[in-house]
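K.L.:
Next up, model.cif (mmCIF, C-alpha atoms).
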```cif
data_protein
loop_
_atom_site.group_PDB
_atom_site.id
_atom_site.type_symbol
_atom_site.label_atom_id
_atom_site.label_comp_id
_atom_site.auth_asym_id
_atom_site.auth_seq_id
_atom_site.Cartn_x
_atom_site.Cartn_y
_atom_site.Cartn_z
ATOM 1 C CA MET I 1 11.634 77.623 -54.250
ATOM 2 C CA GLU I 2 14.648 79.894 -53.816
ATOM 3 C CA ALA I 3 16.795 77.003 -52.736
ATOM 4 C CA GLU I 4 16.582 75.476 -56.178
ATOM 5 C CA LYS I 5 18.622 78.283 -57.700
ATOM 6 C CA GLU I 6 21.047 78.615 -54.836
ATOM 7 C CA SER I 7 23.720 76.314 -53.615
ATOM 8 C CA VAL I 8 22.406 74.181 -50.780
ATOM 9 C CA VAL I 9 24.653 73.726 -47.753
ATOM 10 C CA LEU I 10 23.965 71.079 -45.121
ATOM 11 C CA LEU I 11 25.534 71.903 -41.762
ATOM 12 C CA VAL I 12 25.969 68.967 -39.373
ATOM 13 C CA GLU I 13 26.650 70.587 -36.000
ATOM 14 C CA ASP I 14 25.323 69.893 -32.507
ATOM 15 C CA ASP I 15 26.261 73.189 -30.863
ATOM 16 C CA PRO I 16 23.495 75.814 -31.194
ATOM 17 C CA GLY I 17 25.996 78.668 -30.796
ATOM 18 C CA ASP I 18 28.135 77.349 -33.658
ATOM 19 C CA GLN I 19 25.004 76.777 -35.772
ATOM 20 C CA LYS I 20 24.053 80.405 -35.273
ATOM 21 C CA LEU I 21 27.564 81.655 -36.090
ATOM 22 C CA MET I 22 27.655 79.686 -39.349
ATOM 23 C CA ARG I 23 24.191 80.903 -40.334
ATOM 24 C CA TYR I 24 25.351 84.476 -39.758
ATOM 25 C CA ALA I 25 28.618 84.006 -41.686
ATOM 26 C CA LEU I 26 26.846 82.498 -44.708
ATOM 27 C CA SER I 27 24.154 85.190 -44.706
ATOM 28 C CA GLN I 28 26.863 87.887 -45.007
ATOM 29 C CA GLN I 29 28.260 86.622 -48.331
ATOM 30 C CA ASP I 30 27.828 88.058 -51.798
ATOM 31 C CA ILE I 31 27.335 84.509 -53.061
ATOM 32 C CA LYS I 32 24.021 83.389 -51.599
ATOM 33 C CA SER I 33 23.375 79.898 -50.362
ATOM 34 C CA HIS I 34 20.538 78.028 -48.740
ATOM 35 C CA LEU I 35 21.460 76.545 -45.358
ATOM 36 C CA GLU I 36 19.948 73.414 -43.819
ATOM 37 C CA ILE I 37 21.009 72.448 -40.299
ATOM 38 C CA VAL I 38 20.949 69.091 -38.527
ATOM 39 C CA SER I 39 22.440 68.317 -35.114
ATOM 40 C CA THR I 40 23.780 64.792 -35.462
ATOM 41 C CA GLY I 41 25.248 62.360 -37.958
ATOM 42 C CA GLU I 42 22.111 60.207 -37.650
ATOM 43 C CA GLU I 43 19.888 63.171 -38.538
ATOM 44 C CA ALA I 44 22.166 64.030 -41.438
ATOM 45 C CA LEU I 45 21.905 60.512 -42.889
ATOM 46 C CA ASP I 46 18.149 60.676 -42.460
ATOM 47 C CA TYR I 47 18.081 64.056 -44.241
ATOM 48 C CA LEU I 48 20.118 62.673 -47.146
ATOM 49 C CA GLU I 49 17.826 59.652 -47.428
ATOM 50 C CA ARG I 50 14.766 61.915 -47.547
ATOM 51 C CA SER I 51 16.387 64.154 -50.169
ATOM 52 C CA LYS I 52 16.414 61.181 -52.547
ATOM 53 C CA LYS I 53 12.631 60.847 -52.493
ATOM 54 C CA ASP I 54 11.203 64.188 -51.433
ATOM 55 C CA GLN I 55 11.641 67.127 -53.824
ATOM 56 C CA ASP I 56 11.152 69.590 -50.970
ATOM 57 C CA VAL I 57 14.170 68.190 -49.172
ATOM 58 C CA HIS I 58 17.032 69.717 -51.128
ATOM 59 C CA ARG I 59 20.047 67.584 -51.847
ATOM 60 C CA PRO I 60 23.080 69.498 -50.549
ATOM 61 C CA HIS I 61 25.832 70.647 -52.902
ATOM 62 C CA LEU I 62 28.209 70.848 -49.972
ATOM 63 C CA ILE I 63 28.230 69.392 -46.454
ATOM 64 C CA LEU I 64 29.911 71.201 -43.538
ATOM 65 C CA LEU I 65 30.660 68.659 -40.837
ATOM 66 C CA ASP I 66 31.615 68.961 -37.187
ATOM 67 C CA LEU I 67 33.750 66.089 -35.849
ATOM 68 C CA ASN I 68 32.811 65.893 -32.184
ATOM 69 C CA MET I 69 29.129 65.148 -31.827
ATOM 70 C CA PRO I 70 27.177 62.843 -29.536
ATOM 71 C CA GLY I 71 26.168 59.536 -31.106
ATOM 72 C CA MET I 72 27.718 58.854 -34.466
ATOM 73 C CA GLY I 73 30.764 61.109 -34.682
ATOM 74 C CA GLY I 74 31.727 63.144 -37.723
ATOM 75 C CA LYS I 75 34.290 60.630 -38.972
ATOM 76 C CA GLU I 76 31.778 57.770 -38.923
ATOM 77 C CA PHE I 77 29.261 59.897 -40.822
ATOM 78 C CA LEU I 78 31.947 60.824 -43.367
ATOM 79 C CA ARG I 79 32.901 57.157 -43.791
ATOM 80 C CA ARG I 80 29.275 56.200 -44.466
ATOM 81 C CA VAL I 81 28.626 59.003 -46.953
ATOM 82 C CA LYS I 82 31.767 58.168 -48.906
ATOM 83 C CA ARG I 83 30.906 54.465 -48.973
ATOM 84 C CA ASP I 84 27.454 55.074 -50.467
ATOM 85 C CA PRO I 85 27.596 55.682 -54.249
ATOM 86 C CA THR I 86 24.278 57.565 -54.129
ATOM 87 C CA MET I 87 25.859 60.333 -52.038
ATOM 88 C CA SER I 88 29.640 59.884 -52.264
ATOM 89 C CA ASP I 89 29.875 62.676 -54.854
ATOM 90 C CA ILE I 90 28.870 65.362 -52.312
ATOM 91 C CA PRO I 91 31.967 67.222 -51.059
ATOM 92 C CA VAL I 92 32.271 67.193 -47.262
ATOM 93 C CA VAL I 93 34.294 69.917 -45.545
ATOM 94 C CA ILE I 94 35.233 69.437 -41.889
ATOM 95 C CA VAL I 95 34.612 72.391 -39.559
ATOM 96 C CA SER I 96 36.013 71.487 -36.163
ATOM 97 C CA THR I 97 37.645 72.979 -33.068
ATOM 98 C CA SER I 98 40.150 70.129 -33.116
ATOM 99 C CA ASP I 99 43.603 70.876 -34.478
ATOM 100 C CA SER I 100 44.979 67.418 -33.791
ATOM 101 C CA ALA I 101 47.186 66.127 -36.608
ATOM 102 C CA THR I 102 45.385 62.772 -36.358
ATOM 103 C CA ASP I 103 41.947 64.325 -36.896
ATOM 104 C CA ILE I 104 43.248 66.261 -39.897
ATOM 105 C CA GLU I 105 44.945 63.240 -41.449
ATOM 106 C CA ASP I 106 42.023 60.878 -40.730
ATOM 107 C CA SER I 107 39.587 63.320 -42.309
ATOM 108 C CA TYR I 108 41.606 63.666 -45.517
ATOM 109 C CA LYS I 109 42.084 59.903 -45.692
ATOM 110 C CA LEU I 110 38.297 59.574 -45.476
ATOM 111 C CA SER I 111 38.115 61.925 -48.490
ATOM 112 C CA ALA I 112 37.173 65.150 -46.725
ATOM 113 C CA ALA I 113 37.319 68.021 -49.236
ATOM 114 C CA GLY I 114 38.901 70.428 -46.769
ATOM 115 C CA TYR I 115 39.473 70.901 -43.054
ATOM 116 C CA ILE I 116 38.663 74.220 -41.441
ATOM 117 C CA GLN I 117 39.289 75.091 -37.844
ATOM 118 C CA LYS I 118 36.407 76.789 -36.072
ATOM 119 C CA CYS I 119 36.976 80.384 -35.117
ATOM 120 C CA PRO I 120 34.922 81.928 -32.333
ATOM 121 C CA SER I 121 34.922 85.440 -33.777
ATOM 122 C CA PRO I 122 31.988 86.154 -36.113
ATOM 123 C CA ASP I 123 34.100 88.552 -38.217
ATOM 124 C CA GLU I 124 36.872 86.056 -38.656
ATOM 125 C CA LEU I 125 34.406 83.302 -39.514
ATOM 126 C CA ARG I 126 32.769 85.575 -42.098
ATOM 127 C CA ARG I 127 36.160 86.032 -43.798
ATOM 128 C CA VAL I 128 36.882 82.306 -43.709
ATOM 129 C CA VAL I 129 33.445 81.474 -45.102
ATOM 130 C CA GLN I 130 33.966 84.032 -47.866
ATOM 131 C CA LYS I 131 36.950 82.059 -49.137
ATOM 132 C CA LEU I 132 34.998 78.839 -48.717
ATOM 133 C CA VAL I 133 31.994 79.959 -50.786
ATOM 134 C CA HIS I 134 34.219 81.524 -53.448
ATOM 135 C CA TYR I 135 36.106 78.281 -53.887
ATOM 136 C CA TRP I 136 33.077 75.989 -53.888
ATOM 137 C CA PHE I 137 30.380 78.116 -55.476
ATOM 138 C CA ALA I 138 32.306 80.365 -57.873
ATOM 139 C CA THR I 139 35.533 78.609 -58.827
ATOM 140 C CA THR I 140 34.536 74.959 -58.672
ATOM 141 C CA VAL I 141 32.009 73.426 -61.044
ATOM 142 C CA LEU I 142 29.700 71.388 -58.849
ATOM 143 C CA VAL I 143 27.523 68.422 -59.658
ATOM 144 C CA LYS I 144 24.542 70.739 -59.191
ATOM 145 C CA LYS I 145 24.750 71.781 -62.837
ATOM 146 C CA THR I 146 23.525 68.382 -63.883
ATOM 147 C CA GLN I 147 20.654 68.459 -61.422
ATOM 148 C CA GLU I 148 19.629 72.005 -62.185
ATOM 149 C CA THR I 149 19.270 71.144 -65.827
ATOM 150 C CA ALA I 150 17.082 68.247 -64.831
ATOM 151 C CA THR I 151 15.004 70.335 -62.401
ATOM 152 C CA SER I 152 14.501 73.280 -64.708
ATOM 153 C CA ALA I 153 13.393 70.965 -67.482
ATOM 154 C CA CYS I 154 10.404 69.783 -65.459
ATOM 155 C CA GLN I 155 9.580 73.187 -64.016
ATOM 156 C CA ALA I 156 7.244 75.244 -66.123
ATOM 157 C CA LYS I 157 7.576 78.813 -64.860
ATOM 158 C CA MET S 158 61.161 77.940 -40.042
ATOM 159 C CA ASP S 159 58.136 79.158 -41.936
ATOM 160 C CA ARG S 160 59.981 80.199 -45.049
ATOM 161 C CA TYR S 161 61.078 76.605 -45.566
ATOM 162 C CA LYS S 162 57.489 75.523 -45.552
ATOM 163 C CA ALA S 163 56.447 76.629 -49.031
ATOM 164 C CA VAL S 164 53.441 74.581 -50.066
ATOM 165 C CA VAL S 165 54.158 71.889 -52.614
ATOM 166 C CA ILE S 166 51.775 71.603 -55.559
ATOM 167 C CA LEU S 167 52.041 68.794 -58.089
ATOM 168 C CA LEU S 168 50.627 69.755 -61.478
ATOM 169 C CA VAL S 169 49.777 66.864 -63.796
ATOM 170 C CA GLU S 170 49.336 68.479 -67.195
ATOM 171 C CA ASP S 171 50.516 67.440 -70.641
ATOM 172 C CA ASP S 172 50.037 70.818 -72.330
ATOM 173 C CA ALA S 173 53.171 72.966 -72.035
ATOM 174 C CA ALA S 174 51.263 76.238 -72.492
ATOM 175 C CA ASP S 175 48.814 75.357 -69.687
ATOM 176 C CA GLN S 176 51.720 74.394 -67.431
ATOM 177 C CA LYS S 177 53.217 77.820 -68.045
ATOM 178 C CA LEU S 178 49.908 79.621 -67.400
ATOM 179 C CA THR S 179 49.412 77.757 -64.130
ATOM 180 C CA ARG S 180 52.958 78.518 -63.010
ATOM 181 C CA GLN S 181 52.645 82.221 -63.880
ATOM 182 C CA SER S 182 49.278 82.508 -62.141
ATOM 183 C CA LEU S 183 50.572 80.866 -58.983
ATOM 184 C CA CYS S 184 53.635 83.141 -58.967
ATOM 185 C CA ALA S 185 51.353 86.171 -58.884
ATOM 186 C CA ASN S 186 50.027 84.828 -55.574
ATOM 187 C CA ARG S 187 51.071 85.752 -52.077
ATOM 188 C CA ILE S 188 51.358 82.108 -51.081
ATOM 189 C CA GLY S 189 54.902 80.807 -51.399
ATOM 190 C CA ASN S 190 54.652 77.697 -53.458
ATOM 191 C CA ASP S 191 56.850 75.065 -54.933
ATOM 192 C CA LEU S 192 55.193 73.902 -58.142
ATOM 193 C CA ARG S 193 56.289 70.571 -59.563
ATOM 194 C CA ALA S 194 54.988 69.770 -63.019
ATOM 195 C CA VAL S 195 54.758 66.367 -64.679
ATOM 196 C CA ALA S 196 53.285 65.669 -68.094
ATOM 197 C CA SER S 197 51.406 62.397 -67.582
ATOM 198 C CA GLY S 198 49.637 60.159 -65.082
ATOM 199 C CA GLU S 199 52.500 57.678 -65.263
ATOM 200 C CA GLU S 200 55.052 60.371 -64.443
ATOM 201 C CA ALA S 201 52.869 61.549 -61.563
ATOM 202 C CA LEU S 202 52.839 58.050 -60.068
ATOM 203 C CA GLU S 203 56.622 57.832 -60.419
ATOM 204 C CA TYR S 204 57.015 61.198 -58.701
ATOM 205 C CA LEU S 205 54.695 60.166 -55.868
ATOM 206 C CA GLN S 206 56.493 56.842 -55.375
ATOM 207 C CA ARG S 207 59.653 58.852 -54.830
ATOM 208 C CA SER S 208 57.771 61.120 -52.374
ATOM 209 C CA LYS S 209 56.711 58.042 -50.424
ATOM 210 C CA GLN S 210 60.371 57.010 -50.157
ATOM 211 C CA ASN S 211 61.063 60.489 -48.680
ATOM 212 C CA GLU S 212 63.362 61.417 -51.516
ATOM 213 C CA PRO S 213 64.260 65.078 -50.907
ATOM 214 C CA ASP S 214 64.016 66.065 -54.576
ATOM 215 C CA SER S 215 60.390 64.874 -54.742
ATOM 216 C CA PRO S 216 58.613 66.375 -51.715
ATOM 217 C CA MET S 217 55.152 65.012 -50.904
ATOM 218 C CA PRO S 218 52.627 67.430 -52.442
ATOM 219 C CA ASP S 219 50.078 69.292 -50.310
ATOM 220 C CA LEU S 220 47.773 69.477 -53.305
ATOM 221 C CA ILE S 221 47.548 67.894 -56.745
ATOM 222 C CA LEU S 222 46.180 69.771 -59.772
ATOM 223 C CA LEU S 223 45.081 67.224 -62.341
ATOM 224 C CA ASP S 224 44.173 67.541 -65.994
ATOM 225 C CA LEU S 225 41.645 64.967 -67.234
ATOM 226 C CA ASN S 226 42.578 64.507 -70.872
ATOM 227 C CA MET S 227 46.101 63.262 -71.226
ATOM 228 C CA PRO S 228 47.698 60.658 -73.447
ATOM 229 C CA GLY S 229 48.309 57.321 -71.725
ATOM 230 C CA MET S 230 46.821 57.097 -68.238
ATOM 231 C CA GLY S 231 43.984 59.622 -68.084
ATOM 232 C CA GLY S 232 43.212 61.889 -65.143
ATOM 233 C CA LYS S 233 40.325 59.786 -63.833
ATOM 234 C CA GLU S 234 42.414 56.642 -63.850
ATOM 235 C CA LEU S 235 45.178 58.390 -61.917
ATOM 236 C CA LEU S 236 42.644 59.838 -59.439
ATOM 237 C CA LYS S 237 41.232 56.367 -58.812
ATOM 238 C CA ALA S 238 44.709 54.920 -58.242
ATOM 239 C CA LEU S 239 45.628 57.726 -55.831
ATOM 240 C CA LYS S 240 42.460 57.368 -53.749
ATOM 241 C CA GLU S 241 43.057 53.618 -53.405
ATOM 242 C CA ASP S 242 46.507 54.238 -51.913
ATOM 243 C CA PRO S 243 46.468 54.521 -48.091
ATOM 244 C CA VAL S 244 49.156 57.236 -48.019
ATOM 245 C CA LEU S 245 48.562 59.159 -51.248
ATOM 246 C CA GLY S 246 44.780 59.004 -50.702
ATOM 247 C CA ALA S 247 45.056 61.829 -48.160
ATOM 248 C CA ILE S 248 46.305 64.361 -50.742
ATOM 249 C CA PRO S 249 43.496 66.582 -52.052
ATOM 250 C CA VAL S 250 43.203 66.361 -55.840
ATOM 251 C CA VAL S 251 41.624 69.243 -57.744
ATOM 252 C CA ILE S 252 40.636 68.698 -61.374
ATOM 253 C CA LEU S 253 41.803 71.426 -63.774
ATOM 254 C CA THR S 254 40.382 70.791 -67.215
ATOM 255 C CA THR S 255 38.797 72.282 -70.314
ATOM 256 C CA SER S 256 35.954 69.760 -70.115
ATOM 257 C CA ASP S 257 32.690 70.830 -68.518
ATOM 258 C CA SER S 258 30.770 67.715 -69.442
ATOM 259 C CA ASP S 259 28.332 66.718 -66.700
ATOM 260 C CA ARG S 260 29.710 63.192 -66.870
ATOM 261 C CA ASP S 261 33.278 64.336 -66.150
ATOM 262 C CA VAL S 262 32.115 66.509 -63.227
ATOM 263 C CA LEU S 263 30.060 63.709 -61.693
ATOM 264 C CA ASP S 264 32.738 61.039 -62.258
ATOM 265 C CA SER S 265 35.414 63.247 -60.732
ATOM 266 C CA PHE S 266 33.404 63.891 -57.567
ATOM 267 C CA HIS S 267 32.504 60.218 -57.283
ATOM 268 C CA LEU S 268 36.228 59.483 -57.464
ATOM 269 C CA GLN S 269 36.668 61.988 -54.591
ATOM 270 C CA ALA S 270 38.119 64.970 -56.408
ATOM 271 C CA ALA S 271 38.297 67.901 -53.966
ATOM 272 C CA GLY S 272 37.201 70.440 -56.549
ATOM 273 C CA TYR S 273 36.643 70.775 -60.283
ATOM 274 C CA ILE S 274 37.912 73.851 -62.086
ATOM 275 C CA ARG S 275 37.417 74.704 -65.730
ATOM 276 C CA LYS S 276 40.528 76.181 -67.273
ATOM 277 C CA PRO S 277 39.874 79.853 -67.914
ATOM 278 C CA GLY S 278 40.795 81.184 -71.352
ATOM 279 C CA SER S 279 42.862 84.156 -70.192
ATOM 280 C CA LEU S 280 45.827 84.739 -67.905
ATOM 281 C CA GLU S 281 43.625 87.046 -65.812
ATOM 282 C CA GLY S 282 41.028 84.329 -65.417
ATOM 283 C CA PHE S 283 43.729 81.851 -64.495
ATOM 284 C CA GLN S 284 45.094 84.199 -61.826
ATOM 285 C CA GLU S 285 41.667 84.657 -60.305
ATOM 286 C CA VAL S 286 41.049 80.932 -60.161
ATOM 287 C CA MET S 287 44.481 80.239 -58.645
ATOM 288 C CA ARG S 288 43.899 82.947 -56.045
ATOM 289 C CA ASP S 289 40.594 81.367 -54.962
ATOM 290 C CA LEU S 290 42.198 77.949 -54.980
ATOM 291 C CA THR S 291 45.217 78.906 -52.858
ATOM 292 C CA ASP S 292 43.059 81.031 -50.504
ATOM 293 C CA TYR S 293 40.936 77.994 -49.821
ATOM 294 C CA TRP S 294 43.568 75.276 -49.560
ATOM 295 C CA PHE S 295 46.453 77.207 -48.032
ATOM 296 C CA VAL S 296 44.874 80.075 -46.074
ATOM 297 C CA ILE S 297 41.743 78.596 -44.502
ATOM 298 C CA CYS S 298 42.251 74.819 -44.722
ATOM 299 C CA ARG S 299 44.464 72.849 -42.391
ATOM 300 C CA ARG S 300 46.807 70.424 -44.107
ATOM 301 C CA VAL S 301 48.280 67.048 -43.358
ATOM 302 C CA GLU S 302 51.770 67.483 -41.943
ATOM 303 C CA HIS S 303 54.099 65.451 -44.107
ATOM 304 C CA SER S 304 57.411 64.397 -42.710
ATOM 305 C CA ARG S 305 59.725 66.693 -44.622
ATOM 306 C CA SER S 306 61.745 67.289 -41.491
ATOM 307 C CA ALA S 307 64.976 65.804 -42.870
ATOM 308 C CA GLY S 308 65.311 68.496 -45.508
ATOM 309 C CA LYS S 309 64.159 71.255 -43.197
ATOM 310 C CA VAL S 310 66.623 70.454 -40.431
ATOM 311 C CA GLU S 311 69.547 70.406 -42.863
ATOM 312 C CA MET S 312 68.578 73.781 -44.242
ATOM 313 C CA SER S 313 68.102 75.472 -40.883
ATOM 314 C CA VAL S 314 71.418 74.159 -39.553
ATOM 315 C CA SER S 315 73.456 75.453 -42.453
#
```
As structure tokens, please, write out the structure in this file.
P.N.:
Amino acid sequence: MEAEKESVVLLVEDDPGDQKLMRYALSQQDIKSHLEIVSTGEEALDYLERSKKDQDVHRPHLILLDLNMPGMGGKEFLRRVKRDPTMSDIPVVIVSTSDSATDIEDSYKLSAAGYIQKCPSPDELRRVVQKLVHYWFATTVLVKKTQETATSACQAK
Amino acid sequence: MDRYKAVVILLVEDDAADQKLTRQSLCANRIGNDLRAVASGEEALEYLQRSKQNEPDSPMPDLILLDLNMPGMGGKELLKALKEDPVLGAIPVVILTTSDSDRDVLDSFHLQAAGYIRKPGSLEGFQEVMRDLTDYWFVICRRVEHSRSAGKVEMSVS
């Protein structure tokens, strides 16, 4: 139930170590969020499909996306999300080890809403994620407002 | 070299007072920035056409701050045109508006806005918002490297 009040983040990341680091960094913030993790682009698409029908599968307010993953890569996933009008409004932020100019440019051309380079230090990642959550969950008005109004209307406390 | 690399922000805003507030708030920031302001969607497109031609007086912006309600071409129309352009489509566009209508928020994100900020009423509020914005886009996010080398080389030689 908590997730309904919080911002929901979907992390698409195949590396268990990086999953753990991101979970830690998000848990250390003053702005709380609910984190869902999937390991591949295919799983992420499946998650998003389920979130349309199943109320217990929370539609993410923000997607954090790794680029290099087995199977469908991050760019292909991004392309598909942005092509589908039922999910193209969800901001997708790239979180990748790659610092290649091509990856950065491709991602922005595919309408990524930011490109963050992975940092291996938990403390550094915590500071980076602090700026990320402040921008997305405090400064920016997200589409969630619309949905929360709709959800709270049908929820008798 | 770094001091020549001030980030370029294009502000598309018809209200002179809001232009001033944005400029003041950005100046209070640690991030060196070169703010270019235009007053309409049409002017923004003209500016960006010049950027595409590599004209040194119109550097390609790293970020666009876009008001929604403007006379002539509105913010959404400009956003749509930018995202359809193969070169300009890579520039992140953040909406900066007084509107908080659900429709405007949803439309903007569908048109691939990279953020939606309600204009705060006070200078303090503006500074806070601009700090969060520049921290995100210019401290933690990587940016597309635009070819501004011509101008840079000239400056470092002299």
K.L.:
List the neighbours of Glu170 in chain S out to 9 Å using all atoms listed in the file; skip same-chain residues closer than 3 positions along the sequence, and give me the result as a list in words.
P.N.:
Ala173, Asp175, Gln176, Ala194, Val195, Ala196, Ser197, Gly198, Leu222, Leu223, Asp224, Leu225, Asn226, Met227 and Leu253 of chain S
K.L.:
I need the output of the PyMOL selection byres ((chain I) within 9 of (chain S)) for this file as number ranges by chain; which residues are they?
P.N.:
I: 82, 85, 87-91, 99, 101-102, 104-117, 128-129, 131-132, 134-136, 138-143, 145-146
K.L.:
Take the residues from that selection and write them out as a PDB file, in the coordinates of the input, keeping C-alpha atoms.
P.N.:
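The result, stored in result-v5.pdb:
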```pdb
ATOM      1  CA  LYS I  82      31.767  58.168 -48.906  1.00  0.00           C
ATOM      2  CA  PRO I  85      27.596  55.682 -54.249  1.00  0.00           C
ATOM      3  CA  MET I  87      25.859  60.333 -52.038  1.00  0.00           C
ATOM      4  CA  SER I  88      29.640  59.884 -52.264  1.00  0.00           C
ATOM      5  CA  ASP I  89      29.875  62.676 -54.854  1.00  0.00           C
ATOM      6  CA  ILE I  90      28.870  65.362 -52.312  1.00  0.00           C
ATOM      7  CA  PRO I  91      31.967  67.222 -51.059  1.00  0.00           C
ATOM      8  CA  ASP I  99      43.603  70.876 -34.478  1.00  0.00           C
ATOM      9  CA  ALA I 101      47.186  66.127 -36.608  1.00  0.00           C
ATOM     10  CA  THR I 102      45.385  62.772 -36.358  1.00  0.00           C
ATOM     11  CA  ILE I 104      43.248  66.261 -39.897  1.00  0.00           C
ATOM     12  CA  GLU I 105      44.945  63.240 -41.449  1.00  0.00           C
ATOM     13  CA  ASP I 106      42.023  60.878 -40.730  1.00  0.00           C
ATOM     14  CA  SER I 107      39.587  63.320 -42.309  1.00  0.00           C
ATOM     15  CA  TYR I 108      41.606  63.666 -45.517  1.00  0.00           C
ATOM     16  CA  LYS I 109      42.084  59.903 -45.692  1.00  0.00           C
ATOM     17  CA  LEU I 110      38.297  59.574 -45.476  1.00  0.00           C
ATOM     18  CA  SER I 111      38.115  61.925 -48.490  1.00  0.00           C
ATOM     19  CA  ALA I 112      37.173  65.150 -46.725  1.00  0.00           C
ATOM     20  CA  ALA I 113      37.319  68.021 -49.236  1.00  0.00           C
ATOM     21  CA  GLY I 114      38.901  70.428 -46.769  1.00  0.00           C
ATOM     22  CA  TYR I 115      39.473  70.901 -43.054  1.00  0.00           C
ATOM     23  CA  ILE I 116      38.663  74.220 -41.441  1.00  0.00           C
ATOM     24  CA  GLN I 117      39.289  75.091 -37.844  1.00  0.00           C
ATOM     25  CA  VAL I 128      36.882  82.306 -43.709  1.00  0.00           C
ATOM     26  CA  VAL I 129      33.445  81.474 -45.102  1.00  0.00           C
ATOM     27  CA  LYS I 131      36.950  82.059 -49.137  1.00  0.00           C
ATOM     28  CA  LEU I 132      34.998  78.839 -48.717  1.00  0.00           C
ATOM     29  CA  HIS I 134      34.219  81.524 -53.448  1.00  0.00           C
ATOM     30  CA  TYR I 135      36.106  78.281 -53.887  1.00  0.00           C
ATOM     31  CA  TRP I 136      33.077  75.989 -53.888  1.00  0.00           C
ATOM     32  CA  ALA I 138      32.306  80.365 -57.873  1.00  0.00           C
ATOM     33  CA  THR I 139      35.533  78.609 -58.827  1.00  0.00           C
ATOM     34  CA  THR I 140      34.536  74.959 -58.672  1.00  0.00           C
ATOM     35  CA  VAL I 141      32.009  73.426 -61.044  1.00  0.00           C
ATOM     36  CA  LEU I 142      29.700  71.388 -58.849  1.00  0.00           C
ATOM     37  CA  VAL I 143      27.523  68.422 -59.658  1.00  0.00           C
ATOM     38  CA  LYS I 145      24.750  71.781 -62.837  1.00  0.00           C
ATOM     39  CA  THR I 146      23.525  68.382 -63.883  1.00  0.00           C
TER      40      THR I 146
END
```
K.L.:
Since I can't run it myself right now, could you work out what the PyMOL selection byres ((chain S and resi 199) around 12) selects here and report it as a ChimeraX atom specification?
P.N.:
/S:169-171,195-198,200-206,227-232,234-236,238-239
K.L.:
Work out where the centre of an axis-aligned box around every listed atom of range 195-210 of chain S lies and how long its edges are once 8 Å is added on each side; give both in Å to one decimal as JSON.
P.N.:
```
{"center_x": 55.0, "center_y": 61.6, "center_z": -59.1, "size_x": 26.7, "size_y": 25.5, "size_z": 33.9}
```
K.L.:
So which residues touch Ser27 in chain I within 12 Å, counting only C-alpha atoms, skipping near sequence neighbours fewer than 2 positions away, as a list of chain:residue names?
P.N.:
I:Val9, I:Lys20, I:Leu21, I:Met22, I:Arg23, I:Tyr24, I:Ala25, I:Gln29, I:Asp30, I:Ile31, I:Lys32, I:Ser33, I:His34, I:Leu35, I:Pro122, I:Leu125, I:Arg126, I:Val129, I:Gln130, I:Val133
K.L.:
Residues near Asp14 in chain I, anyone? I mean within 10 Å using only C-alpha atoms, not counting same-chain ones fewer than 4 positions away, as number ranges by chain.
P.N.:
I: 18-19, 37-41, 65-70
K.L.:
So that I have them on file, write out the residues from the current selection with C-alpha atoms, as a PDB file, in the frame of the given file.
P.N.:
```pdb
ATOM      1  CA  ASP I  18      28.135  77.349 -33.658  1.00  0.00           C
ATOM      2  CA  GLN I  19      25.004  76.777 -35.772  1.00  0.00           C
ATOM      3  CA  ILE I  37      21.009  72.448 -40.299  1.00  0.00           C
ATOM      4  CA  VAL I  38      20.949  69.091 -38.527  1.00  0.00           C
ATOM      5  CA  SER I  39      22.440  68.317 -35.114  1.00  0.00           C
ATOM      6  CA  THR I  40      23.780  64.792 -35.462  1.00  0.00           C
ATOM      7  CA  GLY I  41      25.248  62.360 -37.958  1.00  0.00           C
ATOM      8  CA  LEU I  65      30.660  68.659 -40.837  1.00  0.00           C
ATOM      9  CA  ASP I  66      31.615  68.961 -37.187  1.00  0.00           C
ATOM     10  CA  LEU I  67      33.750  66.089 -35.849  1.00  0.00           C
ATOM     11  CA  ASN I  68      32.811  65.893 -32.184  1.00  0.00           C
ATOM     12  CA  MET I  69      29.129  65.148 -31.827  1.00  0.00           C
ATOM     13  CA  PRO I  70      27.177  62.843 -29.536  1.00  0.00           C
TER      14      PRO I  70
END
```
K.L.:
Can you tell me how far CA of Glu13 in chain I sits from CA of Val81 in chain I, in Å to one decimal?
P.N.:
16.1 Å
K.L.:
Using Å and a single decimal, report how far CA of Leu78 in chain I sits from CA of Val92 in chain I.
P.N.:
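Going from CA of Val92 in chain I over to CA of Leu78 in chain I, I get 7.5 Å.
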K.L.:
Kindly reconstruct range 48-52 of chain I with N, CA and C atoms and present the result as a PDB file, in the frame of the given file.
P.N.:
```
ATOM      1  N   LEU I  48      19.649  63.052 -45.810  1.00  0.00           N
ATOM      2  CA  LEU I  48      20.118  62.673 -47.146  1.00  0.00           C
ATOM      3  C   LEU I  48      19.221  61.594 -47.764  1.00  0.00           C
ATOM      4  N   GLU I  49      18.752  60.684 -46.930  1.00  0.00           N
ATOM      5  CA  GLU I  49      17.826  59.652 -47.428  1.00  0.00           C
ATOM      6  C   GLU I  49      16.548  60.306 -47.946  1.00  0.00           C
ATOM      7  N   ARG I  50      16.011  61.246 -47.152  1.00  0.00           N
ATOM      8  CA  ARG I  50      14.766  61.915 -47.547  1.00  0.00           C
ATOM      9  C   ARG I  50      14.958  62.724 -48.826  1.00  0.00           C
ATOM     10  N   SER I  51      16.164  63.309 -48.988  1.00  0.00           N
ATOM     11  CA  SER I  51      16.387  64.154 -50.169  1.00  0.00           C
ATOM     12  C   SER I  51      16.328  63.342 -51.463  1.00  0.00           C
ATOM     13  N   LYS I  52      16.479  62.021 -51.352  1.00  0.00           N
ATOM     14  CA  LYS I  52      16.414  61.181 -52.547  1.00  0.00           C
ATOM     15  C   LYS I  52      14.988  61.046 -53.041  1.00  0.00           C
TER      16      LYS I  52
END
```
